[in-house]
$ cat work13.tsv   # TSV, C-alpha atoms
chain	number	residue	atom	x	y	z
A	261	MET	CA	38.02	16.11	31.40
A	262	ASP	CA	34.93	17.03	33.34
A	263	ARG	CA	31.30	16.09	32.96
A	264	LEU	CA	29.22	19.27	33.19
A	265	THR	CA	25.99	19.90	35.06
A	266	ASN	CA	24.12	22.66	33.26
A	267	THR	CA	21.29	25.07	34.01
A	268	ILE	CA	18.07	25.06	31.99
A	269	ARG	CA	16.51	28.50	31.63
A	270	PRO	CA	12.66	28.59	31.74
A	271	TYR	CA	12.02	31.60	29.48
A	272	ALA	CA	8.37	31.98	28.49
A	273	TRP	CA	9.04	31.37	24.78
A	274	GLY	CA	10.65	27.99	25.44
A	275	SER	CA	9.25	24.65	24.31
A	276	ALA	CA	7.89	22.43	27.09
A	277	THR	CA	8.90	19.24	25.26
A	278	LEU	CA	11.91	19.59	22.93
A	279	ILE	CA	14.73	19.63	25.51
A	280	PRO	CA	13.12	16.91	27.68
A	281	GLU	CA	12.76	14.72	24.58
A	282	LEU	CA	16.46	15.12	23.79
A	283	LEU	CA	17.52	14.49	27.38
A	284	GLY	CA	15.12	11.56	27.82
A	285	THR	CA	13.42	13.19	30.80
A	286	GLU	CA	9.78	13.81	31.65
A	287	PRO	CA	8.45	17.25	30.72
A	288	THR	CA	7.59	19.39	33.72
A	289	GLY	CA	4.83	21.27	31.94
A	290	GLU	CA	6.91	24.44	32.18
A	291	PRO	CA	8.86	25.95	29.27
A	292	GLN	CA	12.48	24.80	28.94
A	293	ALA	CA	14.04	27.35	26.63
A	294	GLU	CA	17.83	27.08	26.88
A	295	MET	CA	20.45	24.85	28.46
A	296	TRP	CA	23.65	26.83	29.08
A	297	MET	CA	27.12	25.28	28.84
A	298	GLY	CA	30.07	27.43	29.76
A	299	ALA	CA	31.24	29.96	32.31
A	300	HIS	CA	28.74	32.77	31.84
A	301	PRO	CA	28.25	34.48	35.23
A	302	GLY	CA	24.46	34.22	34.86
A	303	ALA	CA	24.47	30.41	35.01
A	304	PRO	CA	27.94	28.81	34.89
A	305	SER	CA	28.20	25.05	34.39
A	306	GLN	CA	29.14	23.00	37.43
A	307	LEU	CA	31.73	20.23	37.64
A	308	ASP	CA	33.24	18.02	40.35
A	309	ARG	CA	36.93	17.17	40.54
A	310	GLY	CA	36.57	15.28	43.81
A	311	ALA	CA	36.01	18.15	46.22
A	312	GLY	CA	32.35	18.73	45.50
A	313	ALA	CA	30.54	20.78	42.89
A	314	THR	CA	32.20	23.98	41.74
A	315	SER	CA	31.50	26.32	38.86
A	316	LEU	CA	33.49	26.21	35.63
A	317	SER	CA	34.07	29.96	36.04
A	318	ASP	CA	35.79	29.36	39.40
A	319	VAL	CA	37.88	26.53	37.94
A	320	ILE	CA	39.09	28.80	35.14
A	321	ALA	CA	39.76	31.69	37.52
A	322	ALA	CA	41.97	29.43	39.66
A	323	ASP	CA	44.22	28.44	36.73
A	324	PRO	CA	43.42	30.38	33.56
A	325	ALA	CA	46.59	29.38	31.71
A	326	GLY	CA	46.13	25.70	32.51
A	327	GLU	CA	42.43	25.56	31.66
A	328	LEU	CA	42.33	27.90	28.64
A	329	GLY	CA	45.82	27.52	27.20
A	330	ARG	CA	48.33	30.34	26.82
A	331	ALA	CA	47.22	31.41	23.33
A	332	ALA	CA	43.54	31.75	24.29
A	333	LEU	CA	44.48	33.48	27.55
A	334	ALA	CA	46.66	36.01	25.71
A	335	ARG	CA	43.96	36.73	23.14
A	336	PHE	CA	40.75	36.74	25.19
A	337	GLY	CA	41.88	37.17	28.79
A	338	PRO	CA	41.16	34.87	31.77
A	339	ARG	CA	37.67	33.84	30.69
A	340	LEU	CA	35.94	31.40	28.40
A	341	PRO	CA	34.95	33.72	25.53
A	342	PHE	CA	31.95	31.71	24.30
A	343	LEU	CA	28.67	30.33	25.61
A	344	LEU	CA	27.23	27.11	24.16
A	345	LYS	CA	23.49	26.43	24.40
A	346	LEU	CA	20.73	24.06	23.53
A	347	LEU	CA	17.92	26.36	22.41
A	348	ALA	CA	14.31	25.18	22.09
A	349	ALA	CA	11.79	27.74	20.86
A	350	GLY	CA	8.12	26.91	21.27
A	351	ALA	CA	7.10	30.49	20.49
A	352	PRO	CA	8.83	33.37	18.65
A	353	LEU	CA	11.68	35.21	20.38
A	354	SER	CA	11.96	38.99	20.25
A	355	LEU	CA	13.06	40.68	17.04
A	356	GLN	CA	16.54	41.90	17.90
A	357	VAL	CA	19.98	43.09	16.81
A	358	HIS	CA	23.44	43.00	18.40
A	359	PRO	CA	26.07	45.79	18.38
A	360	ASN	CA	29.56	45.47	16.99
A	361	LEU	CA	32.52	45.62	19.38
A	362	ALA	CA	33.09	49.37	19.05
A	363	GLN	CA	29.38	50.14	19.53
A	364	ALA	CA	29.20	47.85	22.57
A	365	LYS	CA	32.20	49.52	24.23
A	366	GLU	CA	30.87	52.99	23.47
A	367	GLY	CA	27.35	52.19	24.67
A	368	TYR	CA	28.52	50.42	27.82
A	369	ASP	CA	30.88	53.25	28.79
A	370	ALA	CA	28.17	55.86	28.17
A	371	GLU	CA	25.65	54.06	30.40
A	372	GLU	CA	28.29	53.54	33.08
A	373	ARG	CA	29.11	57.26	33.07
A	374	ALA	CA	25.39	58.05	33.27
A	375	GLY	CA	25.02	55.81	36.30
A	376	VAL	CA	22.42	53.51	34.72
A	377	PRO	CA	22.14	50.44	36.99
A	378	LEU	CA	23.20	47.18	35.32
A	379	ASP	CA	19.87	45.59	36.21
A	380	ALA	CA	17.74	48.53	35.02
A	381	PRO	CA	15.08	47.30	32.55
A	382	TYR	CA	15.84	50.25	30.27
A	383	ARG	CA	19.60	49.59	30.13
A	384	ASN	CA	20.85	48.58	26.66
A	385	TYR	CA	24.44	47.46	27.30
A	386	LYS	CA	25.16	44.90	30.02
A	387	ASP	CA	28.83	44.59	29.06
A	388	ALA	CA	31.41	45.97	26.63
A	389	ASN	CA	31.47	42.98	24.28
A	390	HIS	CA	29.89	42.18	20.93
A	391	LYS	CA	27.62	39.16	20.46
A	392	PRO	CA	28.06	37.33	17.17
A	393	GLU	CA	26.19	34.03	17.25
A	394	LEU	CA	25.57	30.84	15.30
A	395	ILE	CA	22.50	28.58	15.44
A	396	CYS	CA	22.67	25.03	14.06
A	397	ALA	CA	19.34	23.23	13.67
A	398	LEU	CA	18.70	19.91	15.41
A	399	THR	CA	15.06	19.87	14.26
A	400	PRO	CA	13.40	21.79	11.43
A	401	PHE	CA	14.02	25.38	12.54
A	402	GLU	CA	12.33	28.60	11.47
A	403	GLY	CA	13.61	32.15	11.77
A	404	LEU	CA	13.98	35.64	10.34
A	405	CYS	CA	17.41	36.93	9.37
A	406	GLY	CA	18.53	40.13	7.68
A	407	PHE	CA	16.70	42.60	5.45
A	408	ARG	CA	15.17	41.65	2.13
A	409	THR	CA	15.62	44.02	-0.75
A	410	PRO	CA	13.14	46.92	-0.62
A	411	GLN	CA	11.50	45.54	-3.77
A	412	GLU	CA	10.89	42.15	-2.16
A	413	ALA	CA	9.57	43.76	1.02
A	414	ALA	CA	7.27	46.00	-1.02
A	415	ARG	CA	5.84	42.98	-2.84
A	416	THR	CA	5.18	41.23	0.49
A	417	LEU	CA	3.37	44.22	1.99
A	418	SER	CA	1.49	45.06	-1.22
A	419	ALA	CA	0.08	41.52	-1.46
A	420	LEU	CA	-1.74	42.06	1.83
A	421	GLU	CA	-3.91	44.79	0.24
A	422	VAL	CA	-4.07	46.79	3.48
A	423	ASP	CA	-4.64	50.49	2.77
A	424	SER	CA	-2.63	51.73	5.77
A	425	LEU	CA	0.44	49.84	4.49
A	426	LYS	CA	0.47	51.61	1.11
A	427	PRO	CA	2.66	54.54	2.31
A	428	TYR	CA	5.30	52.01	3.38
A	429	VAL	CA	5.09	50.26	0.02
A	430	ASP	CA	5.57	53.60	-1.75
A	431	LEU	CA	8.61	54.42	0.42
A	432	LEU	CA	10.18	51.05	-0.31
A	433	ARG	CA	9.72	51.50	-4.05
A	434	ALA	CA	10.71	55.17	-4.34
A	435	HIS	CA	13.87	55.55	-2.24
A	436	PRO	CA	17.43	54.25	-2.45
A	437	VAL	CA	17.99	50.94	-0.65
A	438	GLU	CA	19.43	52.12	2.68
A	439	ALA	CA	17.08	55.11	2.95
A	440	ALA	CA	14.04	52.97	2.10
A	441	LEU	CA	14.77	50.37	4.76
A	442	ARG	CA	15.67	52.97	7.39
A	443	GLU	CA	12.61	55.14	6.74
A	444	VAL	CA	10.13	52.27	6.81
A	445	LEU	CA	11.55	50.65	9.95
A	446	THR	CA	11.64	54.05	11.67
A	447	ALA	CA	8.07	54.79	10.63
A	448	VAL	CA	6.80	51.42	11.85
A	449	LEU	CA	8.49	51.68	15.25
A	450	THR	CA	7.54	55.30	15.92
A	451	ALA	CA	3.93	55.28	14.67
A	452	ASP	CA	0.97	55.81	16.99
A	453	ARG	CA	0.55	52.51	18.85
A	454	GLU	CA	-3.23	52.37	18.56
A	455	GLU	CA	-3.18	53.05	14.83
A	456	MET	CA	-0.35	50.54	14.38
A	457	ALA	CA	-2.24	47.89	16.36
A	458	ALA	CA	-5.19	48.22	13.97
A	459	THR	CA	-2.87	47.89	10.97
A	460	VAL	CA	-1.18	44.82	12.43
A	461	THR	CA	-4.56	43.19	13.09
A	462	GLU	CA	-5.68	43.80	9.51
A	463	ALA	CA	-2.35	42.63	8.11
A	464	ALA	CA	-2.48	39.44	10.20
A	465	ALA	CA	-5.94	38.61	8.86
A	466	ALA	CA	-4.62	39.07	5.32
A	467	CYS	CA	-1.66	36.77	6.10
A	468	GLU	CA	-4.04	34.06	7.25
A	469	ARG	CA	-6.01	34.37	4.01
A	470	LEU	CA	-2.91	34.21	1.83
A	471	GLY	CA	-1.31	31.24	3.61
A	472	GLY	CA	2.06	29.79	2.61
A	473	ALA	CA	5.09	29.43	4.87
A	474	GLN	CA	6.09	33.08	5.21
A	475	TYR	CA	2.58	34.55	5.60
A	476	THR	CA	1.68	31.83	8.09
A	477	ALA	CA	4.77	32.82	10.06
A	478	TYR	CA	3.67	36.48	10.17
A	479	ALA	CA	0.15	35.48	11.23
A	480	SER	CA	1.68	33.42	14.05
A	481	LEU	CA	3.75	36.42	15.18
A	482	ALA	CA	0.59	38.52	15.36
A	483	HIS	CA	-1.12	35.77	17.35
A	484	HIS	CA	1.68	35.75	19.93
A	485	TYR	CA	2.18	39.55	19.94
A	486	PRO	CA	-1.17	41.13	18.96
A	487	GLY	CA	-0.82	44.69	17.72
A	488	ASP	CA	2.97	44.71	18.07
A	489	PRO	CA	4.70	46.84	15.38
A	490	GLY	CA	7.44	44.21	15.32
A	491	VAL	CA	5.08	42.08	13.21
A	492	LEU	CA	5.39	44.60	10.37
A	493	ALA	CA	9.13	45.02	10.97
A	494	ALA	CA	9.42	41.24	10.58
A	495	MET	CA	7.96	41.50	7.08
A	496	LEU	CA	11.04	43.44	6.00
A	497	LEU	CA	13.26	40.44	6.81
A	498	ASN	CA	14.18	37.17	5.11
A	499	HIS	CA	12.09	34.21	6.23
A	500	VAL	CA	14.40	31.20	6.71
A	501	GLN	CA	13.66	27.51	7.22
A	502	LEU	CA	16.62	25.34	8.31
A	503	GLN	CA	16.80	21.58	8.08
A	504	PRO	CA	18.74	19.60	10.72
A	505	GLY	CA	22.46	20.20	10.31
A	506	GLU	CA	22.02	23.58	8.60
A	507	ALA	CA	23.04	26.77	10.41
A	508	LEU	CA	22.80	30.56	10.39
A	509	PHE	CA	25.51	33.02	11.42
A	510	LEU	CA	24.22	36.29	12.88
A	511	GLY	CA	26.70	39.15	12.81
A	512	ALA	CA	26.52	42.65	14.25
A	513	GLY	CA	23.74	44.93	13.03
A	514	VAL	CA	21.68	42.16	11.41
A	515	PRO	CA	18.06	42.08	12.67
A	516	HIS	CA	16.82	38.58	13.40
A	517	ALA	CA	14.39	36.45	15.38
A	518	TYR	CA	14.01	32.73	16.05
A	519	LEU	CA	10.45	31.52	15.49
A	520	GLY	CA	10.45	27.82	16.38
A	521	GLY	CA	12.50	24.64	16.63
A	522	MET	CA	15.55	23.35	18.50
A	523	GLY	CA	19.21	23.93	17.78
A	524	VAL	CA	22.72	24.16	19.13
A	525	GLU	CA	23.61	27.83	19.58
A	526	ILE	CA	27.01	29.34	20.26
A	527	MET	CA	27.82	32.99	20.85
A	528	ALA	CA	30.41	35.36	22.20
A	529	ASN	CA	29.99	35.80	25.95
A	530	SER	CA	27.77	38.89	25.99
A	531	ASP	CA	24.25	39.95	26.99
A	532	ASN	CA	23.97	42.93	24.64
A	533	VAL	CA	20.62	42.88	22.84
A	534	LEU	CA	18.73	45.78	21.25
A	535	ARG	CA	15.10	44.84	20.59
A	536	CYS	CA	12.99	45.89	17.60
A	537	GLY	CA	9.69	44.43	18.75
A	538	LEU	CA	7.81	41.19	19.50
A	539	THR	CA	8.51	41.75	23.17
A	540	PRO	CA	7.11	43.46	26.26
A	541	LYS	CA	10.67	44.53	27.12
A	542	HIS	CA	12.35	47.90	26.56
A	543	VAL	CA	12.73	49.06	22.94
A	544	ASP	CA	15.16	51.98	22.53
A	545	VAL	CA	14.35	53.09	18.98
A	546	PRO	CA	17.10	55.75	18.57
A	547	GLU	CA	19.84	53.40	19.78
A	548	LEU	CA	18.44	50.57	17.71
A	549	LEU	CA	18.52	52.71	14.57
A	550	ARG	CA	22.14	53.62	15.31
A	551	VAL	CA	23.17	49.96	15.45
A	552	VAL	CA	21.12	48.34	12.66
A	553	ARG	CA	22.82	47.78	9.30
A	554	PHE	CA	20.29	48.95	6.72
A	555	GLU	CA	21.36	46.75	3.85
A	556	PRO	CA	19.81	43.67	2.25
A	557	THR	CA	21.60	40.48	3.20
A	558	ASP	CA	21.45	36.91	2.02
A	559	PRO	CA	20.76	34.79	5.14
A	560	GLY	CA	23.64	32.57	4.02
A	561	VAL	CA	22.50	29.15	5.22
A	562	LEU	CA	25.64	27.31	6.34
A	563	ARG	CA	26.35	23.65	5.79
A	564	PRO	CA	29.37	22.10	7.49
A	565	GLU	CA	32.66	21.57	5.69
A	566	ALA	CA	33.98	18.04	6.22
A	567	SER	CA	37.65	17.31	6.91
A	568	PRO	CA	39.58	14.01	6.56
A	569	SER	CA	39.35	13.50	10.34
A	570	GLY	CA	35.54	13.44	10.14
A	571	GLU	CA	35.19	16.83	11.79
A	572	GLU	CA	32.53	18.99	10.08
A	573	LEU	CA	33.22	22.69	10.61
A	574	TYR	CA	30.76	25.60	10.47
A	575	GLU	CA	32.90	28.43	9.09
A	576	THR	CA	32.30	31.88	10.61
A	577	PRO	CA	34.26	35.17	10.61
A	578	THR	CA	34.56	35.34	14.41
A	579	ASP	CA	37.35	34.04	16.66
A	580	GLU	CA	35.55	33.93	20.03
A	581	PHE	CA	34.01	30.62	19.01
A	582	ARG	CA	34.44	27.76	16.58
A	583	LEU	CA	31.68	25.18	16.20
A	584	SER	CA	32.03	21.79	14.54
A	585	ARG	CA	30.45	18.38	14.81
A	586	PHE	CA	31.34	14.70	14.47
A	587	VAL	CA	28.71	12.30	13.10
A	588	ARG	CA	30.14	8.90	13.88
A	589	ALA	CA	28.99	5.65	12.30
A	590	GLN	CA	29.30	2.27	13.97
A	591	GLY	CA	32.79	0.86	13.70
A	592	ALA	CA	34.47	4.21	12.99
A	593	ALA	CA	38.05	4.52	14.24
A	594	PRO	CA	38.60	6.75	17.31
A	595	THR	CA	39.21	10.45	16.63
A	596	GLU	CA	41.91	12.43	18.39
A	597	LEU	CA	40.44	15.59	19.95
A	598	THR	CA	43.40	17.06	21.88
A	599	MET	CA	43.72	20.82	21.25
A	600	ALA	CA	45.75	23.77	22.56
A	601	THR	CA	42.48	25.56	23.34
A	602	PRO	CA	39.60	24.74	25.73
A	603	GLN	CA	36.69	22.67	24.45
A	604	ILE	CA	33.11	21.87	25.37
A	605	LEU	CA	31.79	18.69	23.77
A	606	LEU	CA	28.01	18.18	23.54
A	607	CYS	CA	26.34	14.92	22.55
A	608	THR	CA	23.07	15.23	20.62
A	609	ALA	CA	22.58	11.62	19.46
A	610	GLY	CA	23.82	8.11	20.24
A	611	SER	CA	26.17	7.08	23.04
A	612	PRO	CA	29.74	8.06	22.09
A	613	SER	CA	32.62	8.09	24.55
A	614	VAL	CA	35.15	10.80	25.31
A	615	GLY	CA	38.15	9.91	27.44
A	616	GLY	CA	36.32	7.03	29.10
A	617	LEU	CA	33.13	9.04	29.74
A	618	THR	CA	30.08	7.71	27.93
A	619	LEU	CA	27.78	10.47	26.75
A	620	THR	CA	24.04	10.45	26.15
A	621	PRO	CA	22.02	13.09	24.28
A	622	GLY	CA	22.27	16.41	26.12
A	623	ALA	CA	25.39	15.42	28.07
A	624	ALA	CA	28.41	17.74	27.85
A	625	VAL	CA	32.03	17.71	29.01
A	626	PHE	CA	34.69	20.37	29.43
A	627	VAL	CA	38.16	19.53	28.12
A	628	ALA	CA	40.98	21.80	29.26
A	629	ALA	CA	43.63	23.01	26.83
A	630	GLU	CA	46.21	20.35	25.94
A	631	GLU	CA	44.27	17.66	27.82
A	632	LYS	CA	44.52	14.32	26.02
A	633	SER	CA	41.13	13.36	24.67
A	634	GLU	CA	39.75	10.89	22.13
A	635	LEU	CA	36.26	10.39	20.70
A	636	SER	CA	34.96	6.88	20.03
A	637	GLY	CA	31.69	5.05	19.65
A	638	THR	CA	28.58	5.94	17.69
A	639	GLY	CA	26.62	9.18	17.71
A	640	THR	CA	26.77	12.93	17.09
A	641	VAL	CA	29.00	15.27	19.09
A	642	PHE	CA	29.32	19.05	18.70
A	643	ARG	CA	32.67	20.63	19.58
A	644	ALA	CA	32.88	24.24	20.76
A	645	THR	CA	36.25	25.95	21.08
A	646	VAL	CA	38.00	29.20	20.09
A	647	VAL	CA	40.37	30.39	17.37
A	648	ALA	CA	43.58	31.52	19.05

$ encode --input "work13.tsv" --output "structure tokens"
Amino acid sequence: MDRLTNTIRPYAWGSATLIPELLGTEPTGEPQAEMWMGAHPGAPSQLDRGAGATSLSDVIAADPAGELGRAALARFGPRLPFLLKLLAAGAPLSLQVHPNLAQAKEGYDAEERAGVPLDAPYRNYKDANHKPELICALTPFEGLCGFRTPQEAARTLSALEVDSLKPYVDLLRAHPVEAALREVLTAVLTADREEMAATVTEAAAACERLGGAQYTAYASLAHHYPGDPGVLAAMLLNHVQLQPGEALFLGAGVPHAYLGGMGVEIMANSDNVLRCGLTPKHVDVPELLRVVRFEPTDPGVLRPEASPSGEELYETPTDEFRLSRFVRAQGAAPTELTMATPQILLCTAGSPSVGGLTLTPGAAVFVAAEEKSELSGTGTVFRATVVA
């Protein structure tokens, strides 16, 4: 197995302290938003098998069957189909949605035919893959996930007592569910920006007066993104607070945003994001409206299912990734980890050992398919692999 050296991405929304605290390093004063573990071309992990540092993507390309296993290779091709991250949000991320696989292929092919450069800021589809994802909280974690019912959204907006929001409240109360959500989101995102900025400012002041977890969250969004219509779009969504160990699965078409906290995130290897707001980046409203699922959803907070081996699995409906964890007490017997699929193991607490390598919080290793591996010692280890 191979100890991984991983890239930390300094996105502006990142926390300056959460990842350094986990790693036991001094903060730099700059945001440290994500640590990537995997073979994503944007920042592949590095490893050293005696001939100097090389990327995990190059290692897999040199022997895909040996590194990935024949079943994973046959199903997903010669690539690691997931990306594992440590994510630390010090400020809200953009409100966004991901396409399903058919939409991603269609959108990517259309932009390729149109000659839209891959690095164009107005390009929607960077690849032809979908991007289901799972976030598991390491600290208290706050986010938005999926539409509320129109009735719940109407109550939230009505409580603000902002006159310019009353037409949206009426729409939410008068129309069938899908039409109500679609019409209000469309109206918010296509309204005159100056008029919308005034409404957002007034709504934010009302949120500060009302207080409470959800209204405080909306006021914070308005503080970070003054006048952004995404603040009102956020009020249509479920406000979610995760405790450590709890998780959210985010499927295609479900609008969501992370607001604050640190977690372990895993996703299919894709960069396809359509933004709804809370961002200075490109917002393609027509394409967004094509992809969003306009239906109320329960956020479905996930808690891991324990097995006799001590592995705690986060069940999801996707096969590109499988996330589980081991929380090992002192004196626990070693756990066999050998699998027919590739694994990345990430330590988040303690000092467990894998195959003779002692891990510390933030340390990760790659284990090739069929490679003999055993977990011992005390601590918490997340395991990322695939279903093949």

$ closest_residue --input "work13.tsv" --among "A:Val625, A:Leu425, A:Ala380, A:Leu420" --to "A:Glu468" --atoms "all atoms listed in the file"
A:Leu420

$ residues_around --input "work13.tsv" --residues "A:Ala419" --least-positions-apart "4" --cutoff "12 Å" --atoms "all atoms listed in the file" --output "PyMOL selection string"
chain A and resi 412-415+423+425-426+429+463+466-467+469-471+475+495

$ residues_around --input "work13.tsv" --residues "A:Asn360" --least-positions-apart "5" --cutoff "12 Å" --atoms "all atoms listed in the file" --output "PyMOL selection string"
chain A and resi 365-368+385+388-393+510-514+528+530+532-534+550-553+578

$ residues_around --input "work13.tsv" --residues "stretch 294-309 of chain A" --least-positions-apart "5" --cutoff "7 Å" --atoms "all atoms listed in the file" --output "PyMOL selection string"
chain A and resi 262-269+314-317+340+343-348+529

$ atom_distance --input "work13.tsv" --atom1 "atom CA of A:Leu282" --atom2 "atom CA of A:Gly622"
6.4 Å

$ atom_distance --input "work13.tsv" --atom1 "atom CA of A:Gly505" --atom2 "atom CA of A:Arg582"
15.5 Å

$ closest_residue --input "work13.tsv" --among "A:Glu443, A:Asp544, A:Glu455, A:Glu596" --to "A:Gly615" --atoms "all atoms listed in the file"
A:Glu596

$ closest_residue --input "work13.tsv" --among "A:Asp387, A:Glu281, A:Glu506, A:Glu438" --to "A:Leu361" --atoms "all atoms listed in the file"
A:Asp387

$ axis_aligned_box --input "work13.tsv" --around "stretch 616-625 of chain A" --padding-each-side "6 Å" --output "JSON"
{"center_x": 29.2, "center_y": 12.4, "center_z": 27.0, "size_x": 26.3, "size_y": 22.7, "size_z": 17.5}

$ atom_distance --input "work13.tsv" --atom1 "atom CA of A:Leu449" --atom2 "atom CA of A:Asp488"
9.3 Å

$ closest_residue --input "work13.tsv" --among "A:Val524, A:Leu328, A:Val543, A:Ala477" --to "A:Met599" --atoms "only C-alpha atoms"
A:Leu328
